[in-house]
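Here is work_14.txt, consisting of compact mmCIF, C-alpha atoms:
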# COMPACT_ATOMS: atom_id res chain seq x y z
CA MET K 1 0.00 0.00 0.00
CA LYS K 2 1.30 3.36 -0.92
CA TYR K 3 1.52 6.07 1.73
CA GLN K 4 -0.48 9.05 0.64
CA PRO K 5 0.00 12.07 2.90
CA SER K 6 -2.97 14.33 3.45
CA LEU K 7 -4.36 16.56 6.19
CA PRO K 8 -7.75 15.97 7.79
CA SER K 9 -10.40 18.21 6.29
CA HIS K 10 -12.13 18.89 9.58
CA ASN K 11 -10.92 19.30 13.16
CA ASP K 12 -13.33 17.55 15.49
CA ASN K 13 -11.16 18.04 18.55
CA VAL K 14 -12.04 21.68 18.91
CA SER K 15 -15.55 22.99 19.39
CA GLN K 16 -16.49 25.25 16.51
CA GLU K 17 -19.00 27.47 18.30
CA HIS K 18 -18.16 31.02 19.31
CA PRO K 19 -16.20 31.07 22.59
CA LEU K 20 -18.37 33.87 24.00
CA LYS K 21 -21.56 31.82 23.70
CA ASP K 22 -20.49 29.23 26.27
CA PHE K 23 -19.12 31.90 28.60
CA LEU K 24 -22.16 34.16 28.54
CA SER K 25 -24.66 31.34 28.93
CA ILE K 26 -22.97 29.98 32.07
CA LEU K 27 -22.35 33.46 33.47
CA SER K 28 -25.96 34.55 33.11
CA ARG K 29 -27.30 31.33 34.59
CA LEU K 30 -24.95 31.56 37.59
CA ALA K 31 -25.68 35.25 38.13
CA VAL K 32 -29.44 34.64 38.16
CA LEU K 33 -29.01 31.72 40.56
CA ALA K 34 -26.73 33.74 42.83
CA LEU K 35 -29.09 36.71 42.93
CA LEU K 36 -31.99 34.41 43.70
CA GLY K 37 -30.01 32.58 46.38
CA PHE K 38 -28.86 35.79 48.05
CA PHE K 39 -32.37 37.19 47.87
CA LEU K 40 -33.94 34.12 49.51
CA LEU K 41 -31.27 33.94 52.22
CA GLY K 42 -31.74 37.66 52.83
CA LEU K 43 -35.45 37.06 53.28
CA LEU K 44 -34.61 34.29 55.74
CA VAL K 45 -32.43 36.64 57.78
CA ASP K 46 -35.16 39.30 57.68
CA THR K 47 -37.73 36.78 58.89
CA VAL K 48 -35.51 35.72 61.78
CA VAL K 49 -34.78 39.33 62.75
CA ASP K 50 -38.45 40.34 62.49
CA HIS K 51 -39.58 37.45 64.69
CA MET K 52 -36.83 37.88 67.26
CA ASP K 53 -38.31 38.72 70.66
CA ALA K 54 -37.21 41.72 72.67
CA ALA K 55 -35.34 39.63 75.24
CA THR K 56 -33.18 37.99 72.58
CA GLU K 57 -32.48 41.34 70.99
CA ALA K 58 -31.55 42.80 74.37
CA SER K 59 -29.18 39.93 75.16
CA LEU K 60 -27.59 40.18 71.70
CA THR K 61 -27.19 43.91 72.25
CA ARG K 62 -25.55 43.30 75.64
CA ILE K 63 -23.09 40.79 74.16
CA ILE K 64 -22.08 43.07 71.31
CA ALA K 65 -22.16 46.36 73.23
CA ALA K 66 -19.32 45.17 75.44
CA LYS K 67 -17.19 44.71 72.32
CA ALA K 68 -17.84 48.15 70.79
CA PRO K 69 -14.54 49.37 69.42
CA GLU K 70 -13.03 52.66 70.57
CA LEU K 71 -12.34 54.41 67.30
CA PRO K 72 -9.21 56.52 67.05
CA GLY K 73 -9.93 60.20 67.66
CA THR K 74 -12.40 59.63 70.46
CA PRO K 75 -12.43 62.78 72.59
CA ALA K 76 -11.73 62.63 76.30
CA HIS K 77 -14.49 61.43 78.55
CA GLY K 78 -16.87 64.16 79.57
CA ASP K 79 -16.48 66.09 76.31
CA ALA K 80 -19.21 68.73 76.25
CA ARG K 81 -20.16 67.98 72.63
CA GLN K 82 -20.56 64.29 73.36
CA ALA K 83 -22.74 64.98 76.39
CA ARG K 84 -24.88 67.36 74.32
CA LEU K 85 -25.22 64.77 71.52
CA GLN K 86 -26.22 62.12 74.03
CA ALA K 87 -28.83 64.45 75.52
CA LEU K 88 -30.22 65.18 72.08
CA ALA K 89 -30.38 61.46 71.24
CA ASP K 90 -32.05 60.74 74.59
CA SER K 91 -34.67 63.41 73.88
CA LEU K 92 -35.58 61.52 70.69
CA ARG K 93 -35.83 58.09 72.35
CA ALA K 94 -39.52 58.23 73.20
CA CYS K 95 -40.47 59.43 69.71
CA ALA K 96 -38.21 56.82 68.07
CA GLY K 97 -39.59 54.04 70.28
CA ILE K 98 -36.15 52.94 71.50
CA THR K 99 -36.19 50.84 74.65
CA GLY K 100 -32.65 49.48 74.64
CA PRO K 101 -29.43 51.39 74.98
CA ALA K 102 -28.49 54.09 72.46
CA THR K 103 -25.00 55.33 73.21
CA VAL K 104 -23.63 58.20 71.15
CA ARG K 105 -19.86 58.14 70.65
CA LEU K 106 -18.26 61.20 69.15
CA THR K 107 -15.21 60.57 66.98
CA GLU K 108 -12.88 63.17 65.51
CA SER K 109 -12.96 62.74 61.75
CA THR K 110 -13.03 64.82 58.60
CA ILE K 111 -15.78 62.65 57.09
CA PRO K 112 -19.24 64.09 57.78
CA ASN K 113 -21.10 60.93 58.71
CA ALA K 114 -22.75 58.94 61.46
CA VAL K 115 -23.10 55.17 61.70
CA VAL K 116 -24.91 52.76 63.96
CA VAL K 117 -23.27 49.48 64.90
CA PRO K 118 -24.75 46.49 66.75
CA GLY K 119 -25.03 46.96 70.47
CA GLY K 120 -26.87 50.29 70.29
CA ASN K 121 -23.74 52.31 69.55
CA ILE K 122 -24.06 55.38 67.34
CA TYR K 123 -20.76 56.80 66.13
CA VAL K 124 -20.92 60.46 65.16
CA PHE K 125 -17.96 61.77 63.16
CA SER K 126 -17.09 65.29 64.25
CA ALA K 127 -17.16 66.78 60.72
CA LEU K 128 -20.90 66.13 60.77
CA LEU K 129 -21.27 68.93 63.30
CA ASP K 130 -19.82 71.41 60.78
CA HIS K 131 -22.33 70.38 58.12
CA VAL K 132 -25.54 71.01 60.07
CA GLN K 133 -26.78 74.47 60.86
CA SER K 134 -29.48 73.78 63.45
CA GLU K 135 -30.37 71.45 66.29
CA ASN K 136 -33.21 70.09 64.13
CA GLY K 137 -30.80 69.18 61.33
CA LEU K 138 -28.59 67.29 63.77
CA ALA K 139 -31.62 65.69 65.40
CA PHE K 140 -32.71 64.35 62.02
CA VAL K 141 -29.35 62.61 61.52
CA LEU K 142 -29.53 61.10 65.01
CA ALA K 143 -33.17 60.12 64.41
CA HIS K 144 -32.07 58.40 61.20
CA GLU K 145 -29.57 56.30 63.16
CA LEU K 146 -32.14 55.62 65.90
CA ALA K 147 -34.55 54.51 63.16
CA HIS K 148 -31.94 51.99 62.02
CA LEU K 149 -31.82 50.76 65.63
CA SER K 150 -35.60 50.44 65.95
CA HIS K 151 -35.81 48.78 62.53
CA ARG K 152 -33.13 46.33 63.74
CA ASP K 153 -31.13 47.16 60.63
CA HIS K 154 -27.87 46.57 62.49
CA LEU K 155 -29.01 43.00 63.24
CA ARG K 156 -30.09 42.53 59.63
CA SER K 157 -26.75 43.63 58.27
CA LEU K 158 -24.95 41.50 60.86
CA GLY K 159 -27.08 38.48 59.96
CA ARG K 160 -26.62 39.05 56.24
CA GLY K 161 -22.92 39.48 56.75
CA ILE K 162 -22.66 36.17 58.54
CA VAL K 163 -24.99 34.16 56.29
CA LEU K 164 -24.33 35.58 52.84
CA TYR K 165 -20.64 36.29 53.05
CA GLY K 166 -20.01 33.04 54.86
CA LEU K 167 -21.93 31.13 52.23
CA ALA K 168 -20.21 32.92 49.36
CA ALA K 169 -16.84 32.09 50.86
CA LEU K 170 -17.94 28.50 51.40
CA ILE K 171 -19.16 27.98 47.81
CA SER K 172 -16.40 29.79 46.03
CA GLY K 173 -13.46 29.25 48.33
CA ASP K 174 -10.98 31.98 47.67
CA THR K 175 -9.15 30.40 44.77
CA SER K 176 -11.82 29.89 42.16
CA ALA K 177 -12.88 32.32 39.49
CA LEU K 178 -16.40 32.08 40.90
CA ALA K 179 -15.59 34.46 43.74
CA SER K 180 -14.64 37.27 41.40
CA VAL K 181 -17.72 36.67 39.29
CA LEU K 182 -20.13 36.53 42.21
CA ALA K 183 -18.69 39.48 44.15
CA PRO K 184 -20.31 42.17 41.97
CA VAL K 185 -23.62 40.30 42.01
CA ARG K 186 -23.49 40.17 45.79
CA GLN K 187 -22.65 43.86 45.98
CA LEU K 188 -25.48 44.70 43.62
CA GLY K 189 -27.94 42.75 45.78
CA ASP K 190 -26.58 44.18 49.02
CA ALA K 191 -26.56 47.74 47.72
CA THR K 192 -30.17 47.56 46.55
CA TYR K 193 -31.21 46.17 49.91
CA SER K 194 -29.14 48.73 51.79
CA ARG K 195 -30.66 51.63 49.84
CA SER K 196 -34.16 50.44 50.66
CA ARG K 197 -33.25 50.28 54.38
CA GLU K 198 -31.75 53.78 54.21
CA SER K 199 -34.92 55.14 52.62
CA ALA K 200 -37.02 53.44 55.30
CA ALA K 201 -34.81 54.97 58.01
CA ASP K 202 -35.15 58.41 56.39
CA ALA K 203 -38.94 58.10 56.39
CA ARG K 204 -38.99 56.98 60.03
CA ALA K 205 -36.56 59.74 61.03
CA LEU K 206 -38.91 62.29 59.52
CA GLN K 207 -41.73 61.03 61.77
CA VAL K 208 -39.43 61.10 64.80
CA LEU K 209 -38.40 64.67 63.99
CA ALA K 210 -42.01 65.78 63.57
CA CYS K 211 -42.93 64.05 66.84
CA ARG K 212 -40.08 65.68 68.78
CA TYR K 213 -40.32 69.26 67.46
CA GLY K 214 -43.88 69.37 66.18
CA HIS K 215 -42.68 70.10 62.65
CA ALA K 216 -40.29 68.65 60.07
CA GLY K 217 -38.07 71.70 59.60
CA GLY K 218 -34.36 70.99 59.13
CA ALA K 219 -34.88 67.44 57.88
CA THR K 220 -33.05 67.98 54.59
CA GLU K 221 -30.40 70.28 56.06
CA PHE K 222 -27.57 67.75 56.27
CA PHE K 223 -28.18 66.24 52.84
CA GLU K 224 -28.35 69.69 51.28
CA ALA K 225 -25.00 70.55 52.86
CA LEU K 226 -23.48 67.38 51.41
CA ASP K 227 -25.10 67.60 47.99
CA ASP K 228 -22.46 68.73 45.52
CA GLY K 229 -25.02 69.09 42.73
CA LYS K 230 -23.45 66.31 40.73
CA GLY K 231 -25.14 63.09 39.73
CA ASP K 232 -23.39 59.73 39.24
CA VAL K 233 -19.70 60.04 38.49
CA ILE K 234 -20.01 56.92 36.37
CA PRO K 235 -23.41 56.39 34.72
CA GLY K 236 -25.28 53.55 36.38
CA SER K 237 -22.95 53.45 39.40
CA HIS K 238 -25.83 54.33 41.73
CA TYR K 239 -26.97 50.73 41.39
CA PHE K 240 -23.92 49.75 43.42
CA ALA K 241 -24.17 52.55 46.00
CA SER K 242 -25.16 51.59 49.53
CA HIS K 243 -27.00 54.89 50.06
CA PRO K 244 -29.42 56.71 47.76
CA ALA K 245 -28.04 59.81 46.05
CA MET K 246 -28.32 63.01 48.08
CA GLN K 247 -30.72 64.65 45.61
CA ALA K 248 -32.95 61.57 45.62
CA ARG K 249 -33.01 61.57 49.43
CA ILE K 250 -33.86 65.27 49.60
CA ALA K 251 -36.62 64.82 47.00
CA ALA K 252 -38.02 61.80 48.85
CA LEU K 253 -38.06 63.71 52.15
CA ARG K 254 -39.79 66.72 50.59
CA ALA K 255 -42.35 64.45 48.99
CA ALA K 256 -42.97 62.72 52.35
CA ILE K 257 -43.33 66.11 54.09
CA ALA K 258 -45.86 67.23 51.47
CA GLN K 259 -47.71 63.92 51.50
CA GLY K 260 -47.90 63.70 55.30
CA GLY K 261 -49.10 67.31 55.54
CA LEU K 262 -46.18 68.06 57.88
CA LYS K 263 -45.35 71.66 58.70
CA THR K 264 -41.83 73.01 58.43
CA GLY K 265 -41.47 75.45 61.30
CA ALA K 266 -38.54 77.50 62.48
CA VAL K 267 -35.44 75.52 63.39
CA ARG K 268 -33.73 75.84 66.75
CA PRO K 269 -30.30 77.39 66.80
CA PHE K 270 -27.32 75.18 67.13
CA THR K 271 -25.86 75.49 70.62
CA GLY K 272 -23.33 73.69 72.69
CA PHE K 273 -21.34 72.15 69.85
CA LYS K 274 -18.95 74.76 68.57
CA PRO K 275 -15.83 75.08 70.70
CA GLY K 276 -16.22 77.96 73.09
CA SER K 277 -20.00 78.24 72.73
CA PRO K 278 -22.15 77.81 75.87
CA MET P 1 -19.19 53.28 44.20
CA GLU P 2 -15.79 51.84 45.12
CA SER P 3 -17.34 48.39 44.89
CA LEU P 4 -17.70 48.94 41.16
CA PHE P 5 -13.97 49.04 40.55
CA PRO P 6 -13.26 45.31 41.00
CA LEU P 7 -16.04 44.61 38.49
CA LEU P 8 -14.64 47.11 35.98
CA PHE P 9 -11.14 45.75 36.53
CA TRP P 10 -12.39 42.23 35.93
CA ALA P 11 -14.30 43.26 32.80
CA VAL P 12 -11.29 45.10 31.36
CA LEU P 13 -9.04 42.07 31.94
CA LEU P 14 -11.67 39.85 30.40
CA VAL P 15 -12.00 41.98 27.28
CA LEU P 16 -8.22 42.30 26.93
CA GLY P 17 -7.84 38.54 27.37
CA PHE P 18 -10.56 37.84 24.84
CA VAL P 19 -9.31 40.24 22.15
CA PHE P 20 -5.64 39.33 22.38
CA GLY P 21 -6.32 35.66 23.03
CA GLN P 22 -8.51 35.34 19.94
CA LEU P 23 -6.06 37.28 17.75
CA ASN P 24 -3.22 35.10 18.97
CA GLU P 25 -5.15 31.92 18.42
CA LYS P 26 -6.16 32.84 14.88
CA ARG P 27 -2.57 33.73 14.02
CA HIS P 28 -1.28 30.52 15.56
CA TYR P 29 -3.78 28.34 13.72
CA ARG P 30 -2.86 30.02 10.46
CA SER P 31 0.82 29.26 11.07
CA ILE P 32 0.03 25.67 12.12
CA ARG P 33 -2.01 24.98 8.98
CA GLU P 34 0.68 26.40 6.70
CA ARG P 35 3.49 24.45 8.34
CA GLU P 36 1.50 21.22 8.50
CA GLN P 37 0.99 21.52 4.77
CA ALA P 38 4.69 22.19 4.28
CA TRP P 39 5.72 19.16 6.39
CA LEU P 40 3.18 16.79 4.86
CA HIS P 41 5.96 14.91 3.06
CA LEU P 42 7.38 13.69 6.40
CA PRO P 43 5.07 10.99 7.78
CA ALA P 44 4.86 10.63 11.54
CA THR P 45 3.19 7.64 13.20
CA ALA P 46 2.79 6.33 16.71
CA SER P 47 3.53 2.83 15.46
CA ARG P 48 6.86 1.12 16.11
CA TYR P 49 6.79 -0.37 12.62
CA ARG P 50 8.13 1.56 9.70
CA LEU P 51 5.83 2.84 7.03
CA LEU P 52 8.38 3.16 4.21
CA PRO P 53 10.64 0.48 2.69
CA GLY P 54 14.37 0.91 2.25
CA GLN P 55 17.65 0.55 4.08
CA VAL P 56 17.93 2.60 7.28
CA ALA P 57 21.10 4.66 7.38
CA ARG P 58 20.60 5.97 10.92
CA SER P 59 17.91 6.77 13.44
CA GLU P 60 17.81 9.31 16.22
CA LEU P 61 15.66 10.44 19.12
CA VAL P 62 13.99 13.74 18.31
CA GLY P 63 11.74 15.97 20.38
CA GLY P 64 9.75 19.13 20.21
CA SER P 65 8.16 20.92 23.09
CA VAL P 66 5.92 23.92 23.52
CA VAL P 67 4.58 25.85 26.49
CA VAL P 68 1.32 27.72 26.00
CA SER P 69 -0.50 29.87 28.49
CA VAL P 70 -4.20 30.55 28.88
CA ASP P 71 -5.50 34.07 28.46
CA TYR P 72 -7.69 35.70 31.11
CA PHE P 73 -10.85 35.02 29.16
CA LYS P 74 -10.15 31.31 28.70
CA ARG P 75 -9.33 31.00 32.38
CA ALA P 76 -12.55 32.77 33.40
CA ALA P 77 -14.60 30.63 31.01
CA ALA P 78 -12.97 27.46 32.40
CA GLY P 79 -13.58 28.71 35.95
CA LEU P 80 -17.26 29.09 35.18
CA ARG P 81 -17.25 25.67 33.54
CA SER P 82 -15.75 24.13 36.65
CA VAL P 83 -18.87 25.18 38.58
CA VAL P 84 -21.46 23.60 36.32
CA GLY P 85 -19.37 20.84 34.72
CA GLY P 86 -19.23 19.76 31.11
CA PRO P 87 -16.68 20.08 28.32
CA VAL P 88 -14.17 22.86 28.88
CA LYS P 89 -14.45 24.24 25.37
CA SER P 90 -12.17 27.18 26.00
CA TYR P 91 -9.23 24.86 26.73
CA GLU P 92 -9.86 22.51 23.78
CA SER P 93 -8.33 24.82 21.20
CA LEU P 94 -5.45 25.63 23.54
CA LEU P 95 -4.40 21.98 23.87
CA ASP P 96 -5.09 21.27 20.21
CA ARG P 97 -2.71 24.07 19.25
CA ALA P 98 -0.09 22.91 21.74
CA LYS P 99 -0.10 19.31 20.49
CA ARG P 100 0.11 20.24 16.83
CA GLU P 101 2.79 22.84 17.48
CA ALA P 102 4.89 20.32 19.44
CA VAL P 103 4.73 17.79 16.58
CA LEU P 104 5.62 20.52 14.09
CA ARG P 105 8.63 21.56 16.15
CA LEU P 106 9.68 17.91 16.33
CA LYS P 107 9.52 17.66 12.55
CA GLU P 108 11.38 20.95 12.14
CA SER P 109 14.17 19.59 14.36
CA CYS P 110 15.02 16.87 11.81
CA PRO P 111 14.56 18.35 8.34
CA GLY P 112 16.55 15.60 6.59
CA ALA P 113 14.60 12.68 8.04
CA HIS P 114 12.43 10.44 5.87
CA GLU P 115 10.05 9.11 8.45
CA ILE P 116 9.06 9.58 12.11
CA VAL P 117 8.02 6.52 14.13
CA ASN P 118 7.19 5.93 17.79
CA LEU P 119 5.66 9.38 18.17
CA ARG P 120 4.56 10.06 21.76
CA LEU P 121 3.04 13.12 23.42
CA GLU P 122 3.40 14.10 27.06
CA THR P 123 1.60 16.99 28.73
CA ALA P 124 2.50 18.70 31.95
CA SER P 125 0.66 21.43 33.82
CA LEU P 126 3.12 24.06 34.98
CA SER P 127 1.05 25.61 37.74
CA LYS P 128 -0.37 22.43 39.32
CA ASN P 129 -3.32 24.60 40.36
CA ALA P 130 -1.09 26.68 42.62
CA ARG P 131 -2.71 29.95 43.65
CA GLY P 132 -1.69 32.96 41.62
CA ALA P 133 0.47 30.85 39.35
CA ILE P 134 0.35 31.24 35.59
CA GLY P 135 -1.98 28.68 34.05
CA ALA P 136 0.25 27.17 31.41
CA VAL P 137 0.64 23.74 29.89
CA GLU P 138 3.68 22.10 28.34
CA VAL P 139 3.29 19.56 25.56
CA PHE P 140 6.36 17.52 24.69
CA ALA P 141 6.46 15.37 21.56
CA PHE P 142 9.23 12.80 21.18
CA ALA P 143 9.83 10.17 18.54
CA THR P 144 12.41 8.28 16.48
CA ALA P 145 13.52 9.92 13.25
CA ILE P 146 14.49 7.47 10.47
CA TYR P 147 17.04 8.44 7.84
CA LEU P 148 17.11 6.14 4.79
CA ALA P 149 20.30 5.04 3.10
CA ASP P 150 19.38 5.56 -0.57
CA GLN P 151 18.75 9.30 0.03
CA VAL P 152 15.79 9.43 -2.34
CA ASP P 153 12.49 10.89 -1.29
CA ALA P 154 10.94 7.66 -0.04
CA ALA P 155 7.46 9.13 0.22
CA THR P 156 7.18 9.40 -3.55
CA LYS P 157 8.70 6.00 -4.19
CA PRO P 158 6.18 3.21 -4.94
CA ALA P 159 5.89 0.61 -2.22

Kindly present the structure from the file in structure tokens form.
Amino acid sequence: MKYQPSLPSHNDNVSQEHPLKDFLSILSRLAVLALLGFFLLGLLVDTVVDHMDAATEASLTRIIAAKAPELPGTPAHGDARQARLQALADSLRACAGITGPATVRLTESTIPNAVVVPGGNIYVFSALLDHVQSENGLAFVLAHELAHLSHRDHLRSLGRGIVLYGLAALISGDTSALASVLAPVRQLGDATYSRSRESAADARALQVLACRYGHAGGATEFFEALDDGKGDVIPGSHYFASHPAMQARIAALRAAIAQGGLKTGAVRPFTGFKPGSP
Amino acid sequence: MESLFPLLFWAVLLVLGFVFGQLNEKRHYRSIREREQAWLHLPATASRYRLLPGQVARSELVGGSVVVSVDYFKRAAAGLRSVVGGPVKSYESLLDRAKREAVLRLKESCPGAHEIVNLRLETASLSKNARGAIGAVEVFAFATAIYLADQVDAATKPA
């Protein structure tokens, strides 16, 4: 038999379909599954938090409160501003329906912000005091954090942190490509959820403010001070933001004030916070 | 907002990997097809029996090896595949190219030979799944090159 060299006409060892097709089909299926999974687990955490009785919440708060970190830049004990903040927060307690502890901790920082962490601890960053003009404006920010407390948002975020992040780490390990693919999906889900909780806290804070002062004046003061008039830096990036945009928050508050028929009376002057003031 | 950056970073790497990976692959396949056509006159078999008649002048061990790396896109596609299972299509063309290139390099190492017998292929993963390592594979082809005594082109000679 004579050897007749020739090349095969067709290569069956390599798939001929477009490489993107396989990639996109798996990616979309996994992303949908992940979103669904995170959503259902989030609902589970919400259900547990909503059905938690007061005693359990109180004991959880006690356990975590003891571990509250002392942030750098905490002023000396007995700082007049801290005492004034605590008094203001205490004056809102009845209106906010807070029964557990709500400890205000002032922290020197150039970031105008306030956060609530599990254990009833509200951290107020000192730059916040420069961005509000009246007691009412400051009270709204504190009421917003108290609303997070009464909504048990700190427990929700703690529960989600443990369940979702733990699960994501468990599924993906830290070596597989899955982690990098799922991370944005998780952030997207978390951010959407977080924005809805922030809006709920804003709405509740408005009620607390109206209850405490008899009117809703000063509610938008802090957001107006922070609003730089710009929209998204990158189009669409607000989907990943944990908080609604300042303009959206201001608009939502004004709409709620109009809808609820709330009055906006005169705001109280801001006393006891500036260095040297009585 | 900051959380968007890892996603953008990932997408940029993916697009870069896809564009350059596909360009590279097309260029490589073009070169492989041309050279395979050019080396068609040199038969290579896995058999230990010779294909061509004639007196053997000498024989020698020849080899050709190639190391190819995955691009970011292929790696991501394979990572996704590893979750759901099934054929890792993105790696198929990679290994196909590596095997054919190794055989071509083997042939190019013995231009005067008349026949290749005992052709074997070995593959080795360079990273062994180590974290952060470059995902690359080595394919090594080795065989026996036969040189005939009569120095005529045996492939054209009737059997």

K:Cys211 surroundings by all atoms listed in the file, 10 Å radius, close-in-sequence under 4 positions cut, as a PyMOL selection string: chain K and resi 92+94-96+205-207+215-216

Compile the contact shell of stretch 12-14 of chain K as a ChimeraX atom specification: residues with an atom at most 8 Å away, counting only C-alpha atoms, same-chain residues fewer than 6 positions apart removed. /P:89,92-93,96

Restricting to only C-alpha atoms, whichever of P:Tyr49, P:Trp10, P:Phe140, P:Phe20 is closest to chain K is P:Trp10

Please, what distance in Å, to one decimal, runs between atom CA of K:Thr61 and atom CA of K:Val163? 18.8 Å

Env of stretch 103-115 of chain P: 8 Å cut, atoms = only C-alpha atoms, seq-sep filter 4 positions within chain, self excluded. Answer as a count of residues only. 24

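The smallest atom-to-atom distance between chain P and any of K:Thr103, K:Ser91, K:Gln4, K:Ser196, using only C-alpha atoms, is found for K:Gln4.
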
K:Glu221 environment, 7 Å, only C-alpha atoms, sequence neighbours closer than 4 positions dropped, as a PyMOL selection string: chain K and resi 132+137+225

Near K:Leu41, counting all atoms listed in the file, which residues have an atom at most 10 Å away, once you skip same-chain residues fewer than 4 positions from it, shown as a PDB file with C-alpha atoms, in the coordinates of the input?
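As a result, around.pdb now contains:
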ATOM      1  CA  LEU K  35     -29.090  36.710  42.930  1.00  0.00           C
ATOM      2  CA  LEU K  36     -31.990  34.410  43.700  1.00  0.00           C
ATOM      3  CA  GLY K  37     -30.010  32.580  46.380  1.00  0.00           C
ATOM      4  CA  VAL K  45     -32.430  36.640  57.780  1.00  0.00           C
ATOM      5  CA  ASP K  46     -35.160  39.300  57.680  1.00  0.00           C
ATOM      6  CA  THR K  47     -37.730  36.780  58.890  1.00  0.00           C
ATOM      7  CA  GLY K 159     -27.080  38.480  59.960  1.00  0.00           C
ATOM      8  CA  ARG K 160     -26.620  39.050  56.240  1.00  0.00           C
ATOM      9  CA  VAL K 163     -24.990  34.160  56.290  1.00  0.00           C
ATOM     10  CA  LEU K 164     -24.330  35.580  52.840  1.00  0.00           C
ATOM     11  CA  LEU K 167     -21.930  31.130  52.230  1.00  0.00           C
TER      12      LEU K 167
END

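The spacing separating atom CA of K:Gly119 from atom CA of K:Leu106 amounts to 15.8 Å.
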
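The coordinates place atom CA of K:Leu27 at 10.3 Å from atom CA of P:Val83.
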
Box for stretch 109-120 of chain P: with edges along x, y and z, all listed atoms inside and 6 Å added on each side, what are the centre and edge lengths in Å to one decimal, as lines of an AutoDock Vina configuration file?
center_x = 10.6
center_y = 12.8
center_z = 13.8
size_x = 24.0
size_y = 25.7
size_z = 27.9

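Restricting the calculation to only C-alpha atoms, the smallest distance between chain P and any of K:Gly265, K:Pro101, K:Pro244, K:Gly161 is found for K:Pro244.
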